[in-house]
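Structure data follow from start_17.pdb (PDB, C-alpha atoms):
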ATOM      1  CA  MET A1271      -5.755 111.304-105.812  1.00  0.00           C
ATOM      2  CA  ALA A1272      -4.134 114.544-104.879  1.00  0.00           C
ATOM      3  CA  VAL A1273      -0.602 115.227-103.734  1.00  0.00           C
ATOM      4  CA  THR A1274       0.253 118.243-101.608  1.00  0.00           C
ATOM      5  CA  ILE A1275       3.819 119.453-101.215  1.00  0.00           C
ATOM      6  CA  LEU A1276       4.215 120.067 -97.485  1.00  0.00           C
ATOM      7  CA  SER A1277       7.685 121.592 -97.472  1.00  0.00           C
ATOM      8  CA  GLN A1278      10.516 122.444 -99.813  1.00  0.00           C
ATOM      9  CA  GLN A1279      13.816 123.571 -98.397  1.00  0.00           C
ATOM     10  CA  LYS A1280      17.217 124.139 -99.917  1.00  0.00           C
ATOM     11  CA  SER A1281      19.451 121.698 -98.054  1.00  0.00           C
ATOM     12  CA  GLY A1282      22.738 122.251 -99.872  1.00  0.00           C
ATOM     13  CA  PRO A1283      24.279 124.236-102.703  1.00  0.00           C
ATOM     14  CA  ASN A1284      22.673 121.939-105.314  1.00  0.00           C
ATOM     15  CA  THR A1285      20.073 119.992-103.300  1.00  0.00           C
ATOM     16  CA  TRP A1286      16.507 120.482-102.125  1.00  0.00           C
ATOM     17  CA  THR A1287      14.643 118.424 -99.538  1.00  0.00           C
ATOM     18  CA  LEU A1288      10.922 118.045-100.159  1.00  0.00           C
ATOM     19  CA  SER A1289       8.105 116.364 -98.281  1.00  0.00           C
ATOM     20  CA  TRP A1290       4.617 115.585 -99.540  1.00  0.00           C
ATOM     21  CA  THR A1291       1.379 113.831 -98.689  1.00  0.00           C
ATOM     22  CA  SER A1292      -1.488 112.222-100.589  1.00  0.00           C
ATOM     23  CA  THR A1293      -5.215 111.827-100.125  1.00  0.00           C
ATOM     24  CA  LEU A1294      -4.754 108.101-100.887  1.00  0.00           C
ATOM     25  CA  ALA A1295      -4.014 105.496 -98.228  1.00  0.00           C
ATOM     26  CA  ASN A1296      -0.549 103.915 -98.712  1.00  0.00           C
ATOM     27  CA  PRO A1297       0.177 105.588-102.055  1.00  0.00           C
ATOM     28  CA  THR A1298       3.072 105.034-104.387  1.00  0.00           C
ATOM     29  CA  PHE A1299       4.586 108.371-105.417  1.00  0.00           C
ATOM     30  CA  TYR A1300       6.003 109.160-108.848  1.00  0.00           C
ATOM     31  CA  VAL A1301       8.557 111.967-108.591  1.00  0.00           C
ATOM     32  CA  TYR A1302       9.375 113.947-111.733  1.00  0.00           C
ATOM     33  CA  GLN A1303      12.214 116.427-112.139  1.00  0.00           C
ATOM     34  CA  ASN A1304      11.831 118.727-115.124  1.00  0.00           C
ATOM     35  CA  GLY A1305       9.282 116.326-116.626  1.00  0.00           C
ATOM     36  CA  ILE A1306      11.468 113.199-116.248  1.00  0.00           C
ATOM     37  CA  LEU A1307      10.582 110.384-113.847  1.00  0.00           C
ATOM     38  CA  ILE A1308      13.408 110.183-111.291  1.00  0.00           C
ATOM     39  CA  SER A1309      11.862 108.104-108.518  1.00  0.00           C
ATOM     40  CA  ILE A1310       9.040 105.699-107.686  1.00  0.00           C
ATOM     41  CA  THR A1311       8.721 105.541-103.927  1.00  0.00           C
ATOM     42  CA  GLN A1312       6.381 105.051-101.000  1.00  0.00           C
ATOM     43  CA  SER A1313       8.374 107.548 -98.961  1.00  0.00           C
ATOM     44  CA  ASN A1314       6.751 110.909 -98.353  1.00  0.00           C
ATOM     45  CA  SER A1315       9.989 112.862 -98.798  1.00  0.00           C
ATOM     46  CA  GLY A1316      13.007 113.084-101.035  1.00  0.00           C
ATOM     47  CA  ILE A1317      16.234 114.911-101.748  1.00  0.00           C
ATOM     48  CA  ILE A1318      16.486 116.367-105.244  1.00  0.00           C
ATOM     49  CA  SER A1319      19.756 117.443-106.898  1.00  0.00           C
ATOM     50  CA  VAL A1320      20.000 120.117-109.562  1.00  0.00           C
ATOM     51  CA  SER A1321      22.926 121.611-111.447  1.00  0.00           C
ATOM     52  CA  ASP A1322      23.643 125.326-111.257  1.00  0.00           C
ATOM     53  CA  SER A1323      22.517 125.832-114.835  1.00  0.00           C
ATOM     54  CA  ASN A1324      19.020 124.349-114.614  1.00  0.00           C
ATOM     55  CA  GLN A1325      15.638 125.353-113.378  1.00  0.00           C
ATOM     56  CA  LEU A1326      14.228 122.952-110.829  1.00  0.00           C
ATOM     57  CA  ILE A1327      10.658 121.885-111.559  1.00  0.00           C
ATOM     58  CA  ILE A1328       9.467 119.059-109.321  1.00  0.00           C
ATOM     59  CA  GLU A1329       6.142 117.305-109.666  1.00  0.00           C
ATOM     60  CA  VAL A1330       5.005 114.493-107.361  1.00  0.00           C
ATOM     61  CA  LEU A1331       2.074 112.347-108.498  1.00  0.00           C
ATOM     62  CA  ASP A1332       0.298 109.447-106.767  1.00  0.00           C
ATOM     63  CA  SER A1333      -1.004 107.684-109.875  1.00  0.00           C
ATOM     64  CA  ALA A1334       0.948 105.752-112.493  1.00  0.00           C
ATOM     65  CA  THR A1335      -1.557 106.847-115.143  1.00  0.00           C
ATOM     66  CA  GLN A1336      -1.081 110.576-114.548  1.00  0.00           C
ATOM     67  CA  THR A1337       1.495 112.345-116.663  1.00  0.00           C
ATOM     68  CA  PRO A1338       3.545 115.325-115.556  1.00  0.00           C
ATOM     69  CA  ALA A1339       2.986 118.755-116.997  1.00  0.00           C
ATOM     70  CA  GLU A1340       5.094 119.721-119.983  1.00  0.00           C
ATOM     71  CA  VAL A1341       8.311 121.388-118.894  1.00  0.00           C
ATOM     72  CA  TYR A1342      10.191 124.034-120.788  1.00  0.00           C
ATOM     73  CA  ASP A1343      13.307 124.168-118.675  1.00  0.00           C
ATOM     74  CA  GLY A1344      15.407 126.799-120.440  1.00  0.00           C
ATOM     75  CA  ILE A1345      18.150 124.635-121.892  1.00  0.00           C
ATOM     76  CA  VAL A1346      18.923 123.475-125.395  1.00  0.00           C
ATOM     77  CA  VAL A1347      20.190 120.001-126.197  1.00  0.00           C
ATOM     78  CA  ILE A1348      21.624 119.695-129.685  1.00  0.00           C
ATOM     79  CA  GLY A1349      22.650 116.441-131.294  1.00  0.00           C
ATOM     80  CA  TRP A1350      24.570 115.361-134.354  1.00  0.00           C
ATOM     81  CA  TYR A1351      25.908 112.239-136.024  1.00  0.00           C
ATOM     82  CA  GLN A1352      29.551 111.284-135.694  1.00  0.00           C
ATOM     83  CA  THR A1353      31.841 112.468-138.470  1.00  0.00           C
ATOM     84  CA  PRO A1354      34.637 110.098-139.606  1.00  0.00           C
ATOM     85  CA  ASN A1355      38.252 111.000-138.731  1.00  0.00           C
ATOM     86  CA  THR A1356      37.202 113.519-136.069  1.00  0.00           C
ATOM     87  CA  THR A1357      38.906 114.174-132.720  1.00  0.00           C
ATOM     88  CA  ALA A1358      36.445 116.737-131.320  1.00  0.00           C
ATOM     89  CA  TYR A1359      33.511 118.997-132.099  1.00  0.00           C
ATOM     90  CA  LYS A1360      33.624 122.755-131.570  1.00  0.00           C
ATOM     91  CA  ILE A1361      30.337 124.233-130.297  1.00  0.00           C
ATOM     92  CA  GLU A1362      29.838 127.918-131.062  1.00  0.00           C
ATOM     93  CA  GLU A1363      27.043 130.385-130.308  1.00  0.00           C
ATOM     94  CA  TRP A1364      26.137 133.382-132.445  1.00  0.00           C
ATOM     95  CA  ASN A1365      26.233 136.509-130.256  1.00  0.00           C
ATOM     96  CA  GLY A1366      24.709 138.842-132.840  1.00  0.00           C
ATOM     97  CA  SER A1367      27.931 139.779-134.578  1.00  0.00           C
ATOM     98  CA  ALA A1368      30.312 136.807-134.368  1.00  0.00           C
ATOM     99  CA  TRP A1369      30.550 133.118-133.482  1.00  0.00           C
ATOM    100  CA  THR A1370      31.879 132.506-129.967  1.00  0.00           C
ATOM    101  CA  THR A1371      33.207 129.106-128.880  1.00  0.00           C
ATOM    102  CA  VAL A1372      31.203 127.870-125.883  1.00  0.00           C
ATOM    103  CA  ALA A1373      32.380 124.243-125.655  1.00  0.00           C
ATOM    104  CA  THR A1374      34.475 121.510-127.206  1.00  0.00           C
ATOM    105  CA  VAL A1375      33.120 117.957-127.169  1.00  0.00           C
ATOM    106  CA  THR A1376      35.719 115.198-127.507  1.00  0.00           C
ATOM    107  CA  ASP A1377      34.848 112.493-130.024  1.00  0.00           C
ATOM    108  CA  ILE A1378      34.732 109.195-128.109  1.00  0.00           C
ATOM    109  CA  GLY A1379      33.426 107.096-130.969  1.00  0.00           C
ATOM    110  CA  ASN A1380      29.693 107.437-130.363  1.00  0.00           C
ATOM    111  CA  TRP A1381      27.558 107.396-133.500  1.00  0.00           C
ATOM    112  CA  TRP A1382      25.397 110.156-131.936  1.00  0.00           C
ATOM    113  CA  ASN A1383      26.730 113.100-129.931  1.00  0.00           C
ATOM    114  CA  THR A1384      24.966 115.724-127.804  1.00  0.00           C
ATOM    115  CA  TRP A1385      25.733 118.952-126.015  1.00  0.00           C
ATOM    116  CA  THR A1386      23.553 120.656-123.391  1.00  0.00           C
ATOM    117  CA  SER A1387      23.552 124.434-123.067  1.00  0.00           C
ATOM    118  CA  PRO A1388      23.548 126.306-119.783  1.00  0.00           C
ATOM    119  CA  LEU A1389      20.276 127.955-118.699  1.00  0.00           C
ATOM    120  CA  LEU A1390      19.257 130.420-121.408  1.00  0.00           C
ATOM    121  CA  PRO A1391      17.191 133.591-120.955  1.00  0.00           C
ATOM    122  CA  ASP A1392      13.564 133.387-122.021  1.00  0.00           C
ATOM    123  CA  CYS A1393      12.092 134.849-125.246  1.00  0.00           C
ATOM    124  CA  GLN A1394      15.389 135.020-127.107  1.00  0.00           C
ATOM    125  CA  PRO A1395      16.484 133.525-130.430  1.00  0.00           C
ATOM    126  CA  TYR A1396      19.573 131.311-130.305  1.00  0.00           C
ATOM    127  CA  GLN A1397      21.893 129.966-132.929  1.00  0.00           C
ATOM    128  CA  PHE A1398      24.523 127.300-132.326  1.00  0.00           C
ATOM    129  CA  LYS A1399      27.050 125.769-134.696  1.00  0.00           C
ATOM    130  CA  VAL A1400      28.814 122.394-134.422  1.00  0.00           C
ATOM    131  CA  THR A1401      32.060 122.028-136.330  1.00  0.00           C
ATOM    132  CA  PRO A1402      33.993 118.735-136.447  1.00  0.00           C
ATOM    133  CA  ILE A1403      37.740 119.050-135.901  1.00  0.00           C
ATOM    134  CA  GLY A1404      39.531 116.446-137.980  1.00  0.00           C
ATOM    135  CA  THR A1405      42.410 114.208-136.931  1.00  0.00           C
ATOM    136  CA  ASN A1406      44.520 116.423-139.252  1.00  0.00           C
ATOM    137  CA  GLY A1407      43.510 119.547-137.249  1.00  0.00           C
ATOM    138  CA  ASN A1408      41.304 120.972-139.991  1.00  0.00           C
ATOM    139  CA  ASN A1409      37.686 121.987-139.485  1.00  0.00           C
ATOM    140  CA  GLY A1410      34.999 119.963-141.237  1.00  0.00           C
ATOM    141  CA  GLN A1411      31.565 120.977-142.503  1.00  0.00           C
ATOM    142  CA  SER A1412      29.604 122.857-139.812  1.00  0.00           C
ATOM    143  CA  GLN A1413      25.999 122.227-138.852  1.00  0.00           C
ATOM    144  CA  THR A1414      23.884 125.138-137.606  1.00  0.00           C
ATOM    145  CA  PHE A1415      20.996 124.848-135.138  1.00  0.00           C
ATOM    146  CA  THR A1416      18.542 127.714-134.647  1.00  0.00           C
ATOM    147  CA  GLY A1417      15.747 128.062-132.117  1.00  0.00           C
ATOM    148  CA  PHE A1418      13.729 130.416-129.979  1.00  0.00           C
ATOM    149  CA  MET A1419      13.774 129.852-126.222  1.00  0.00           C
ATOM    150  CA  VAL A1420      10.366 129.525-124.591  1.00  0.00           C
ATOM    151  CA  ARG A1421      10.411 128.318-121.006  1.00  0.00           C
ATOM    152  CA  ILE A1422       8.451 128.624-117.824  1.00  0.00           C
ATOM    153  CA  PRO A1423       9.043 132.217-116.780  1.00  0.00           C
ATOM    154  CA  ASP A1424      11.046 133.035-113.677  1.00  0.00           C
ATOM    155  CA  ALA A1425       9.016 133.862-110.597  1.00  0.00           C
ATOM    156  CA  PRO A1426       8.329 137.592-110.475  1.00  0.00           C
ATOM    157  CA  GLN A1427      10.496 139.616-108.144  1.00  0.00           C
ATOM    158  CA  ALA A1428       8.137 141.522-105.863  1.00  0.00           C
ATOM    159  CA  ASN A1429       8.121 142.875-102.345  1.00  0.00           C
ATOM    160  CA  TYR A1430       5.001 142.407-100.248  1.00  0.00           C
ATOM    161  CA  LEU A1431       3.977 144.659 -97.376  1.00  0.00           C
ATOM    162  CA  LEU A1432       1.043 143.883 -95.087  1.00  0.00           C
ATOM    163  CA  ASN A1433      -0.554 147.197 -94.183  1.00  0.00           C
ATOM    164  CA  SER A1434      -2.147 147.910 -90.835  1.00  0.00           C
ATOM    165  CA  ASP A1435      -5.616 147.642 -92.441  1.00  0.00           C
ATOM    166  CA  SER A1436      -4.778 144.068 -93.610  1.00  0.00           C
ATOM    167  CA  THR A1437      -4.307 145.060 -97.240  1.00  0.00           C
ATOM    168  CA  VAL A1438      -1.220 144.090 -99.206  1.00  0.00           C
ATOM    169  CA  THR A1439       1.019 146.516-101.064  1.00  0.00           C
ATOM    170  CA  LEU A1440       3.133 145.138-103.902  1.00  0.00           C
ATOM    171  CA  SER A1441       6.254 146.915-105.076  1.00  0.00           C
TER     172      SER A1441
END

Take the structure in the file and give it back as structure tokens.
Amino acid sequence: MAVTILSQQKSGPNTWTLSWTSTLANPTFYVYQNGILISITQSNSGIISVSDSNQLIIEVLDSATQTPAEVYDGIVVIGWYQTPNTTAYKIEEWNGSAWTTVATVTDIGNWWNTWTSPLLPDCQPYQFKVTPIGTNGNNGQSQTFTGFMVRIPDAPQANYLLNSDSTVTLS
């Protein structure tokens, strides 16, 4: 029960093509993207889509009882209950000295609303505020959300040089 990723190649601006194999005969593969099951297949390849603002963490398993590794993908999803007589919700981020509007979410009558941040830098505190905008144009009572981003670190940027004596120099 082991899956090996054979190839991973960027095949478009927001797509990756992957191929894999298993030590099992005729396995069923469970493909996870950022910790979420996106496909159950017997194919040994797949095309994965990702938005510009997300990290892409793919895990392919060949057992239904295995669970994917925990993923800390660098985004924040905040949620709040609907407020009566509201047309929209203003999402603001604290930049250290002032609130800056980052999005406006139109109220479509859902009892629960969410907003997903773009990819956020690692090891930083974040503060977001959601303010309902009433049908009369006035702002309602704001809700503040605070957190500290901890995600899988970016791959280190390093240059490798194979020396004539078969040693490697990192820079």

Item checked: Given the PyMOL selection byres ((chain A and resi 1316-1318) around 6), the residues it picks as a PyMOL selection string -> chain A and resi 1285-1288+1315+1319

Next item on the list: Check what the PyMOL selection byres ((chain A and resi 1272) around 12) selects in the file above and give those residues as a list in words.
Entry: Met1271, Val1273, Thr1274, Ile1275, Trp1290, Thr1291, Ser1292, Thr1293, Leu1294, Ala1295, Pro1297, Thr1298, Phe1299, Glu1329, Val1330, Leu1331, Asp1332, Ser1333 and Gln1336 of chain A

Checklist line | Option closest in space to Asn1409 in chain A, from A:Thr1357, A:Ser1289, A:Asn1383, A:Asn1304 [counting all atoms listed in the file] | finding: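 Using all atoms listed in the file, Asn1409 in chain A sits closest to A:Thr1357.
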
Margin query: For the provided coordinates, the residues matched by the PyMOL selection byres ((chain A and resi 1340) around 10) should be stated as a PyMOL selection string.
Written below: chain A and resi 1304-1306+1337-1339+1341-1343+1422

Check: With distances taken over all atoms listed in the file, which of A:Pro1391, A:Gly1407, A:Gly1366, A:Pro1283 is nearest to Arg1421 in chain A?
Finding: A:Pro1391

Notebook entry, point to check: Excluding same-chain residues fewer than 2 positions from Asp1377 in chain A, what lies within 10 Å of it counting all atoms listed in the file, as a list in words?
Noted result: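 Residues near the query, excluding close chain neighbours: Gln1352, Thr1353, Pro1354, Asn1355, Thr1356, Thr1357, Ala1358, Tyr1359, Thr1374, Val1375, Gly1379, Asn1380, Trp1381, Trp1382, Asn1383, Pro1402 and Ile1403 of chain A.
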
Next item on the list: Choose the residue, out of A:Trp1364, A:Gly1410, A:Ile1345, A:Val1301, that has the smallest atom-to-atom separation from Ser1387 in chain A; count only C-alpha atoms.
Entry: A:Ile1345

Next item on the list: Could you jot down the CA of Asn1408 in chain A to CA of Glu1363 in chain A separation for me, Å, one decimal place?
Entry: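 Pair CA of Asn1408 in chain A / CA of Glu1363 in chain A returns 19.6 Å.
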
Notebook entry, point to check: In Å, how far is it from CA of Cys1393 in chain A to CA of Val1420 in chain A?
Noted result: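 The value is 5.6 Å.
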
Checklist line | Length of the CA of Ala1368 in chain A to CA of Gly1417 in chain A vector [Å] | finding: 17.1 Å

Checklist line | Polymer residues at most 7 Å from Met1419 in chain A, all atoms listed in the file, same-chain spacing of 4 or more positions, as a ChimeraX atom specification | finding: /A:1344,1392-1395

Next item on the list: Would you please work out which residue, of A:Leu1440, A:Tyr1430, A:Leu1389, A:Glu1362, is nearest to Thr1401 in chain A when using all atoms listed in the file?
Entry: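 Among A:Leu1440, A:Tyr1430, A:Leu1389, A:Glu1362, it is A:Glu1362 that comes nearest to Thr1401 in chain A.
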
Next item on the list: Compare A:Thr1414, A:Ile1327, A:Thr1405, A:Trp1350 by their minimum atom-to-atom distance to Trp1369 in chain A, counting only C-alpha atoms, and give me the closest one.
Entry: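 Under the stated criterion, the closest residue is A:Thr1414.
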
How big is the axis-aligned box around the listed atoms of range 1385-1398 of chain A once 5 Å is added on each side, and where is its centre? Give both in Å to one decimal, as AutoDock Vina command-line options.
--center_x 18.9 --center_y 127.0 --center_z -125.8 --size_x 23.6 --size_y 26.1 --size_z 24.2

Notebook entry, point to check: For Ser1367 in chain A, which residue out of A:Thr1386, A:Ser1436, A:Gln1397, A:Asn1429 is the nearest one, using all atoms listed in the file?
Noted result: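 Closest to Ser1367 in chain A of all the choices is A:Gln1397.
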